[in-house]
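> Just run_4.pdb, nothing more (PDB, C-alpha atoms):
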ATOM      1  CA  ALA A 216    -134.318 -93.224  48.130
ATOM      2  CA  THR A 217    -136.840 -94.901  45.824
ATOM      3  CA  ASP A 218    -138.640 -91.543  45.548
ATOM      4  CA  TYR A 219    -135.540 -90.008  43.938
ATOM      5  CA  GLY A 220    -133.482 -92.750  42.289
ATOM      6  CA  LEU A 221    -134.252 -94.398  38.947
ATOM      7  CA  ALA A 222    -131.778 -97.243  39.437
ATOM      8  CA  ARG A 223    -133.157 -98.169  42.842
ATOM      9  CA  LYS A 224    -136.804 -97.930  41.756
ATOM     10  CA  LEU A 225    -136.662 -99.441  38.249
ATOM     11  CA  GLY A 226    -133.544-101.604  38.223
ATOM     12  CA  LEU A 227    -133.599-105.398  38.504
ATOM     13  CA  LYS A 228    -132.915-106.300  42.134
ATOM     14  CA  LEU A 229    -131.004-109.502  42.907
ATOM     15  CA  PRO A 230    -130.631-110.258  46.650
ATOM     16  CA  MET A 231    -127.055-111.199  47.552
ATOM     17  CA  GLY A 232    -126.280-113.619  50.379
ATOM     18  CA  SER A 233    -122.578-112.754  50.226
ATOM     19  CA  ASN A 234    -120.271-110.082  48.800
ATOM     20  CA  GLU A 235    -120.228-111.762  45.379
ATOM     21  CA  LEU A 236    -122.991-113.158  43.177
ATOM     22  CA  ASN A 237    -122.465-114.711  39.735
ATOM     23  CA  VAL A 238    -125.448-114.181  37.454
ATOM     24  CA  PRO A 239    -125.721-116.422  34.363
ATOM     25  CA  THR A 240    -126.635-114.731  31.091
ATOM     26  CA  GLY A 241    -127.864-116.326  27.887
ATOM     27  CA  ALA A 242    -125.201-116.138  25.173
ATOM     28  CA  GLY A 243    -126.838-118.570  22.715
ATOM     29  CA  SER A 244    -130.100-120.488  22.407
ATOM     30  CA  VAL A 245    -131.090-123.967  21.208
ATOM     31  CA  THR A 246    -131.420-124.841  17.515
ATOM     32  CA  ILE A 247    -134.881-125.763  16.186
ATOM     33  CA  THR A 248    -135.116-128.124  13.193
ATOM     34  CA  PHE A 249    -137.806-129.933  11.179
ATOM     35  CA  PRO A 250    -136.257-133.377  10.644
ATOM     36  CA  GLY A 251    -139.325-135.071   9.210
ATOM     37  CA  GLU A 252    -140.706-138.538   9.923
ATOM     38  CA  ALA A 253    -138.324-141.259  11.180
ATOM     39  CA  THR A 254    -135.396-138.856  11.143
ATOM     40  CA  ALA A 255    -133.361-138.006  14.205
ATOM     41  CA  GLY A 256    -133.413-134.448  15.420
ATOM     42  CA  THR A 257    -130.299-132.269  15.624
ATOM     43  CA  GLU A 258    -128.905-131.897  19.118
ATOM     44  CA  SER A 259    -127.945-128.445  20.361
ATOM     45  CA  SER A 260    -127.136-126.839  23.681
ATOM     46  CA  PRO A 261    -127.643-123.267  24.885
ATOM     47  CA  THR A 262    -124.526-121.348  25.876
ATOM     48  CA  PHE A 263    -124.261-119.145  28.926
ATOM     49  CA  GLY A 264    -122.175-116.180  29.926
ATOM     50  CA  ASN A 265    -121.578-114.854  33.402
ATOM     51  CA  VAL A 266    -121.876-111.461  35.075
ATOM     52  CA  PRO A 267    -120.223-111.170  38.505
ATOM     53  CA  LEU A 268    -121.935-108.813  40.949
ATOM     54  CA  LEU A 269    -119.572-107.451  43.587
ATOM     55  CA  ALA A 270    -121.000-105.659  46.620
ATOM     56  CA  LYS A 271    -119.554-102.225  47.387
ATOM     57  CA  THR A 272    -119.863-100.069  50.481
ATOM     58  CA  MET A 273    -121.482 -96.639  50.032
ATOM     59  CA  MET A 274    -121.429 -94.106  52.840
ATOM     60  CA  GLY A 275    -122.590 -90.612  53.688
ATOM     61  CA  LEU A 276    -120.853 -89.155  56.754
ATOM     62  CA  THR A 277    -121.686 -85.853  58.450
ATOM     63  CA  VAL A 278    -121.375 -84.168  61.833
ATOM     64  CA  MET A 279    -124.031 -82.088  63.595
ATOM     65  CA  SER A 280    -123.557 -80.318  66.899
ATOM     66  CA  ASN A 281    -125.688 -81.028  69.969
ATOM     67  CA  GLU A 282    -126.524 -77.330  70.099
ATOM     68  CA  PHE A 283    -127.927 -77.407  66.587
ATOM     69  CA  LEU A 284    -129.996 -80.497  67.283
ATOM     70  CA  LYS A 285    -131.428 -78.980  70.481
ATOM     71  CA  ASP A 286    -132.061 -75.491  69.085
ATOM     72  CA  SER A 287    -133.463 -76.521  65.696
ATOM     73  CA  LYS A 288    -137.099 -75.618  65.087
ATOM     74  CA  VAL A 289    -137.487 -78.491  62.616
ATOM     75  CA  ASP A 290    -136.868 -82.224  62.855
ATOM     76  CA  ALA A 291    -133.174 -81.956  61.982
ATOM     77  CA  MET A 292    -132.542 -85.707  61.961
ATOM     78  CA  LYS A 293    -135.452 -86.371  59.602
ATOM     79  CA  TYR A 294    -134.230 -83.613  57.292
ATOM     80  CA  LEU A 295    -130.683 -84.980  57.382
ATOM     81  CA  MET A 296    -131.858 -88.508  56.548
ATOM     82  CA  THR A 297    -133.833 -87.098  53.609
ATOM     83  CA  LEU A 298    -130.708 -85.369  52.295
ATOM     84  CA  ILE A 299    -128.669 -88.558  52.647
ATOM     85  CA  ALA A 300    -131.357 -90.615  50.890
ATOM     86  CA  GLU A 301    -131.404 -88.158  47.974
ATOM     87  CA  GLU A 302    -127.616 -88.232  47.675
ATOM     88  CA  PHE A 303    -127.537 -92.047  47.870
ATOM     89  CA  ALA A 304    -130.090 -92.248  45.056
ATOM     90  CA  GLY A 305    -128.121 -89.724  42.989
ATOM     91  CA  ALA A 306    -124.871 -91.633  43.487
ATOM     92  CA  GLU A 307    -126.543 -94.890  42.417
ATOM     93  CA  ASP A 308    -128.024 -93.255  39.301
ATOM     94  CA  ASN A 309    -124.674 -91.697  38.402
ATOM     95  CA  GLN A 310    -123.027 -95.123  38.535
ATOM     96  CA  ALA A 311    -125.928 -96.761  36.663
ATOM     97  CA  PHE A 312    -125.590 -94.338  33.735
ATOM     98  CA  ASN A 313    -122.021 -93.016  33.839
ATOM     99  CA  GLY A 314    -119.923 -95.427  35.928
ATOM    100  CA  VAL A 315    -116.504 -96.050  34.374
ATOM    101  CA  GLY A 316    -115.708 -99.256  36.243
ATOM    102  CA  THR A 317    -114.798 -97.804  39.643
ATOM    103  CA  PRO A 318    -116.837 -99.005  41.364
ATOM    104  CA  PHE A 319    -119.365 -99.890  38.601
ATOM    105  CA  THR A 320    -119.748 -99.720  34.814
ATOM    106  CA  GLY A 321    -122.714 -97.648  33.617
ATOM    107  CA  ILE A 322    -125.071 -98.074  30.679
ATOM    108  CA  LEU A 323    -123.599 -95.152  28.724
ATOM    109  CA  VAL A 324    -120.086 -96.590  29.088
ATOM    110  CA  ASP A 325    -120.653-100.355  28.773
ATOM    111  CA  SER A 326    -119.331-101.591  25.408
ATOM    112  CA  GLY A 327    -122.011-104.279  25.312
ATOM    113  CA  VAL A 328    -124.842-101.757  24.973
ATOM    114  CA  THR A 329    -126.028-101.040  21.420
ATOM    115  CA  THR A 330    -125.297 -97.459  20.324
ATOM    116  CA  VAL A 331    -127.410 -95.475  17.852
ATOM    117  CA  THR A 332    -125.421 -92.642  16.264
ATOM    118  CA  MET A 333    -127.223 -89.581  14.946
ATOM    119  CA  ALA A 334    -126.275 -88.530  11.426
ATOM    120  CA  SER A 335    -124.480 -85.220  11.074
ATOM    121  CA  GLY A 336    -126.882 -82.287  11.204
ATOM    122  CA  LYS A 337    -129.872 -84.439  12.131
ATOM    123  CA  ASP A 338    -132.293 -83.274  14.819
ATOM    124  CA  THR A 339    -135.608 -85.070  14.348
ATOM    125  CA  PHE A 340    -137.839 -87.709  15.905
ATOM    126  CA  ALA A 341    -136.306 -90.351  13.604
ATOM    127  CA  GLU A 342    -133.216 -90.769  15.788
ATOM    128  CA  TYR A 343    -135.336 -91.491  18.855
ATOM    129  CA  ARG A 344    -137.396 -94.009  16.872
ATOM    130  CA  ASP A 345    -134.150 -95.787  15.990
ATOM    131  CA  LEU A 346    -133.535 -96.368  19.692
ATOM    132  CA  ILE A 347    -136.809 -98.300  19.915
ATOM    133  CA  SER A 348    -135.972-100.334  16.808
ATOM    134  CA  ASN A 349    -132.737-101.586  18.396
ATOM    135  CA  VAL A 350    -134.412-103.173  21.435
ATOM    136  CA  PRO A 351    -135.793-106.748  21.133
ATOM    137  CA  SER A 352    -139.572-106.881  20.849
ATOM    138  CA  SER A 353    -139.853-109.037  23.969
ATOM    139  CA  CYS A 354    -138.321-106.213  26.047
ATOM    140  CA  LEU A 355    -140.482-103.365  24.728
ATOM    141  CA  PRO A 356    -143.458-103.801  27.119
ATOM    142  CA  THR A 357    -141.245-102.793  30.066
ATOM    143  CA  SER A 358    -138.993-100.295  28.254
ATOM    144  CA  ALA A 359    -138.696 -96.547  28.814
ATOM    145  CA  PHE A 360    -136.688 -93.486  27.775
ATOM    146  CA  PHE A 361    -134.144 -91.958  30.186
ATOM    147  CA  MET A 362    -132.757 -88.479  29.584
ATOM    148  CA  HIS A 363    -131.861 -85.104  31.100
ATOM    149  CA  ARG A 364    -134.711 -82.624  31.604
ATOM    150  CA  LEU A 365    -133.138 -80.211  29.069
ATOM    151  CA  VAL A 366    -133.145 -82.945  26.417
ATOM    152  CA  TRP A 367    -136.808 -83.698  27.190
ATOM    153  CA  GLY A 368    -137.598 -79.998  26.810
ATOM    154  CA  HIS A 369    -135.788 -79.974  23.471
ATOM    155  CA  ILE A 370    -137.739 -82.996  22.219
ATOM    156  CA  GLN A 371    -140.991 -81.211  22.974
ATOM    157  CA  LYS A 372    -139.898 -78.372  20.681
ATOM    158  CA  ILE A 373    -138.918 -80.552  17.708
ATOM    159  CA  THR A 374    -141.016 -79.957  14.611
ATOM    160  CA  GLU A 375    -141.698 -82.340  11.734
ATOM    161  CA  ASN A 376    -143.936 -81.658   8.748
ATOM    162  CA  SER A 377    -144.825 -78.237  10.196
ATOM    163  CA  GLN A 378    -146.210 -79.864  13.343
ATOM    164  CA  SER A 379    -144.742 -79.501  16.800
ATOM    165  CA  ALA A 380    -144.278 -82.503  19.072
ATOM    166  CA  ILE A 381    -147.236 -81.474  21.197
ATOM    167  CA  ALA A 382    -149.533 -81.176  18.167
ATOM    168  CA  MET A 383    -148.569 -84.439  16.490
ATOM    169  CA  ALA A 384    -150.635 -87.597  16.890
ATOM    170  CA  ASN A 385    -149.705 -88.517  20.453
ATOM    171  CA  PRO A 386    -145.898 -88.606  20.243
ATOM    172  CA  VAL A 387    -145.747 -86.827  23.588
ATOM    173  CA  ALA A 388    -148.388 -87.168  26.303
ATOM    174  CA  PRO A 389    -147.718 -85.322  29.587
ATOM    175  CA  LEU A 390    -149.051 -86.773  32.812
ATOM    176  CA  GLY A 391    -152.084 -85.218  34.441
ATOM    177  CA  ASN A 392    -152.168 -83.624  37.869
ATOM    178  CA  MET A 393    -153.623 -86.803  39.425
ATOM    179  CA  ALA A 394    -150.436 -88.877  39.021
ATOM    180  CA  PRO A 395    -149.610 -90.969  42.122
ATOM    181  CA  ALA A 396    -146.887 -89.801  44.498
ATOM    182  CA  GLY A 397    -143.280 -90.872  44.159
ATOM    183  CA  LEU A 398    -140.961 -91.105  41.189
ATOM    184  CA  GLN A 399    -143.071 -90.822  38.033
ATOM    185  CA  PRO A 400    -142.378 -90.395  34.298
ATOM    186  CA  ALA A 401    -142.392 -86.808  33.035
ATOM    187  CA  GLY A 402    -144.477 -87.896  30.066
ATOM    188  CA  TYR A 403    -144.678 -90.443  27.277
ATOM    189  CA  LEU A 404    -143.033 -90.706  23.861
ATOM    190  CA  TRP A 405    -144.804 -93.073  21.437
ATOM    191  CA  GLY A 406    -146.445 -94.739  24.414
ATOM    192  CA  PHE A 407    -143.182 -95.292  26.309
ATOM    193  CA  PRO A 408    -142.631 -93.509  29.645
ATOM    194  CA  VAL A 409    -139.929 -90.846  29.823
ATOM    195  CA  TYR A 410    -137.897 -90.655  33.049
ATOM    196  CA  LEU A 411    -135.688 -87.656  33.768
ATOM    197  CA  SER A 412    -132.346 -87.639  35.554
ATOM    198  CA  ASP A 413    -129.892 -84.796  36.051
ATOM    199  CA  LYS A 414    -127.169 -87.482  36.147
ATOM    200  CA  ILE A 415    -127.489 -87.995  32.373
ATOM    201  CA  VAL A 416    -125.520 -85.461  30.340
ATOM    202  CA  SER A 417    -127.275 -82.664  28.445
ATOM    203  CA  THR A 418    -124.245 -81.375  26.536
ATOM    204  CA  THR A 419    -124.440 -80.751  22.779
ATOM    205  CA  ALA A 420    -120.826 -81.847  22.297
ATOM    206  CA  GLY A 421    -120.223 -84.305  19.487
ATOM    207  CA  SER A 422    -119.745 -88.051  20.112
ATOM    208  CA  THR A 423    -121.554 -87.788  23.457
ATOM    209  CA  LYS A 424    -124.182 -90.330  24.485
ATOM    210  CA  PHE A 425    -127.146 -88.481  25.967
ATOM    211  CA  CYS A 426    -130.278 -90.658  25.864
ATOM    212  CA  VAL A 427    -131.053 -94.219  26.936
ATOM    213  CA  PHE A 428    -133.923 -96.487  25.889
ATOM    214  CA  GLY A 429    -134.496 -99.951  27.302
TER     215      GLY A 429
END
Using C-alpha cells, write down the structure from this file.

Amino acid sequence: ATDYGLARKLGLKLPMGSNELNVPTGAGSVTITFPGEATAGTESSPTFGNVPLLAKTMMGLTVMSNEFLKDSKVDAMKYLMTLIAEEFAGAEDNQAFNGVGTPFTGILVDSGVTTVTMASGKDTFAEYRDLISNVPSSCLPTSAFFMHRLVWGHIQKITENSQSAIAMANPVAPLGNMAPAGLQPAGYLWGFPVYLSDKIVSTTAGSTKFCVFG
C-alpha cells in the first residue's frame, strides 16, 4: 500500500494502543520579555489544544471460486492482494484529502487549513507561490505539492514573460530515469516535490479547492 498511497507513505504515523488516542496540539506559546537587571520576569504558560484520533475499521471483501484458483495461470492470490492494497491506499488518500467527517475529515475540507483563493481570471505561477508563503518557514523543509496529474500537466504549460514553465529558471525539474522504486514525486516546483493523486479533484469549476501544499 505504501507504493500507491500518499497518506500512508508521507503522513505522520502515531501508533495507537487502543481505539482512541488524544494528541495534544500547541495553541499558544510562551511569552519572551527583556525585564532588565533586578526586575522580575513576566510569567506565561503555553496553551494546548487536543485532537482525538478514533480508529476505524476498513475492509475489502471478495469471493473467488476454487475452480478459478486452481485453473489460473497466474498467482491469483498475489494479484488479488495487490488489488486490495491499491484500493486500501486509494481509500486512505480519498479520506486524507476529501473526507467530510464520515469517517474522517480531509485536508481540502478541514476549516482549520489556510485557503489561498485565486483572483478572478488569474492563471499564473503567482497563485502557487502564494501557497508556499502561507506555510510557516519551519515546515518548509519537509513540504510538498499535492495535485491531480491534469493540474500538474497544466502547470507545465503555464507561460510567464514569454517563457514556458520548462524553460524558466528551474521552476519545474522532472525526475530522471534513475529514480528509486516506489512512490516518487512526479517532479519539483521551486525545489519542492510534486506528488500526484487521482483522488484530488481536477475540475475547473469555481470555488473548488484543487491543490495542496504543506
> When you count all atoms listed in the file, which of these residues is closest to Gly336 (chain A): A:Thr419, A:Gln371, A:Thr272, A:Thr297?
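Closest to Gly336 (chain A) of all the choices is A:Thr419.
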> Return as a list of chain:residue names the set of residues that the PyMOL selection byres ((chain A and resi 262-269) around 6) yields on the displayed structure.
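Taken on the displayed file, the PyMOL selection byres ((chain A and resi 262-269) around 6) yields the residues A:Asn234, A:Glu235, A:Leu236, A:Asn237, A:Val238, A:Pro239, A:Thr240, A:Gly241, A:Ala242, A:Gly243, A:Pro261, A:Ala270.
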> Kindly indicate which residue among A:Ser335, A:Thr217, A:Thr423, A:Ser233 lies nearest to Lys271 (chain A), using all atoms listed in the file for the distances.
A:Ser233
> Would you mind reading off the distance between CA of Leu355 (chain A) and CA of Val324 (chain A), one decimal, in Å?
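It comes out at 21.9 Å.
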> Neighbours of Val328 (chain A) within 12 Å (all atoms listed in the file; same-chain residues fewer than 2 positions away dropped), as a list in words?
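Selected residues are Phe312, Thr320, Gly321, Ile322, Leu323, Val324, Asp325, Ser326, Thr330, Val331, Leu346, Asn349, Val350, Lys424, Val427, Phe428 and Gly429 of chain A.
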> As an exercise, work out the distance from CA of Val409 (chain A) to CA of Thr329 (chain A) in Å and give it to one decimal place.
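Computed distance, CA of Val409 (chain A) to CA of Thr329 (chain A), equals 19.2 Å.
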> Once the PyMOL selection byres ((chain A and resi 416) around 7) has been evaluated on this model, what residues remain selected, and can you format them as an MDAnalysis selection string?
chainID A and resid 363 414:415 417:418 425
> Would you export the selected residues with C-alpha atoms as a compact mmCIF listing (two decimals), in the frame of the given file, please?

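Okay, this is what ended up in part_22.txt:
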# COMPACT_ATOMS: atom_id res chain seq x y z
CA HIS A 363 -131.86 -85.10 31.10
CA LYS A 414 -127.17 -87.48 36.15
CA ILE A 415 -127.49 -88.00 32.37
CA SER A 417 -127.28 -82.66 28.44
CA THR A 418 -124.24 -81.38 26.54
CA PHE A 425 -127.15 -88.48 25.97
> Which residues come within 12 Å of Ala359 (chain A), counting all atoms listed in the file, excluding same-chain residues fewer than 5 positions away, as a PyMOL selection string?
chain A and resi 221+225-226+343+346-347+350+354+399-411+426-429
> One decimal, Å: what's the distance from CA of Val278 (chain A) over to CA of Glu301 (chain A), could you say?
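Answer for the CA of Val278 (chain A) to CA of Glu301 (chain A) separation: 17.6 Å.
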> Translate the PyMOL selection byres ((chain A and resi 273-275) around 12) into a concrete residue list for this structure, as a PyMOL selection string.
chain A and resi 270-272+276-278+295-307+310+318
> Next, the residues of the selection above should be written as a compact mmCIF listing (two decimals), keeping the file's coordinate frame with C-alpha atoms.

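Heads up, here's the output in out_26.txt:
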# COMPACT_ATOMS: atom_id res chain seq x y z
CA ALA A 270 -121.00 -105.66 46.62
CA LYS A 271 -119.55 -102.22 47.39
CA THR A 272 -119.86 -100.07 50.48
CA LEU A 276 -120.85 -89.16 56.75
CA THR A 277 -121.69 -85.85 58.45
CA VAL A 278 -121.38 -84.17 61.83
CA LEU A 295 -130.68 -84.98 57.38
CA MET A 296 -131.86 -88.51 56.55
CA THR A 297 -133.83 -87.10 53.61
CA LEU A 298 -130.71 -85.37 52.30
CA ILE A 299 -128.67 -88.56 52.65
CA ALA A 300 -131.36 -90.62 50.89
CA GLU A 301 -131.40 -88.16 47.97
CA GLU A 302 -127.62 -88.23 47.68
CA PHE A 303 -127.54 -92.05 47.87
CA ALA A 304 -130.09 -92.25 45.06
CA GLY A 305 -128.12 -89.72 42.99
CA ALA A 306 -124.87 -91.63 43.49
CA GLU A 307 -126.54 -94.89 42.42
CA GLN A 310 -123.03 -95.12 38.53
CA PRO A 318 -116.84 -99.00 41.36
> So, counting only C-alpha atoms, which residue among A:Asn309, A:Thr357, A:Thr332, A:Asn281 is closest to Gly220 (chain A)?
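Checking each candidate against Gly220 (chain A), we get A:Asn309 as the closest.
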> For a quick check of understanding, using only C-alpha atoms, which of A:Gly368, A:Thr254, A:Gly316, A:Met333 has the smallest distance to Gly421 (chain A)?
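Closest candidate: A:Met333.
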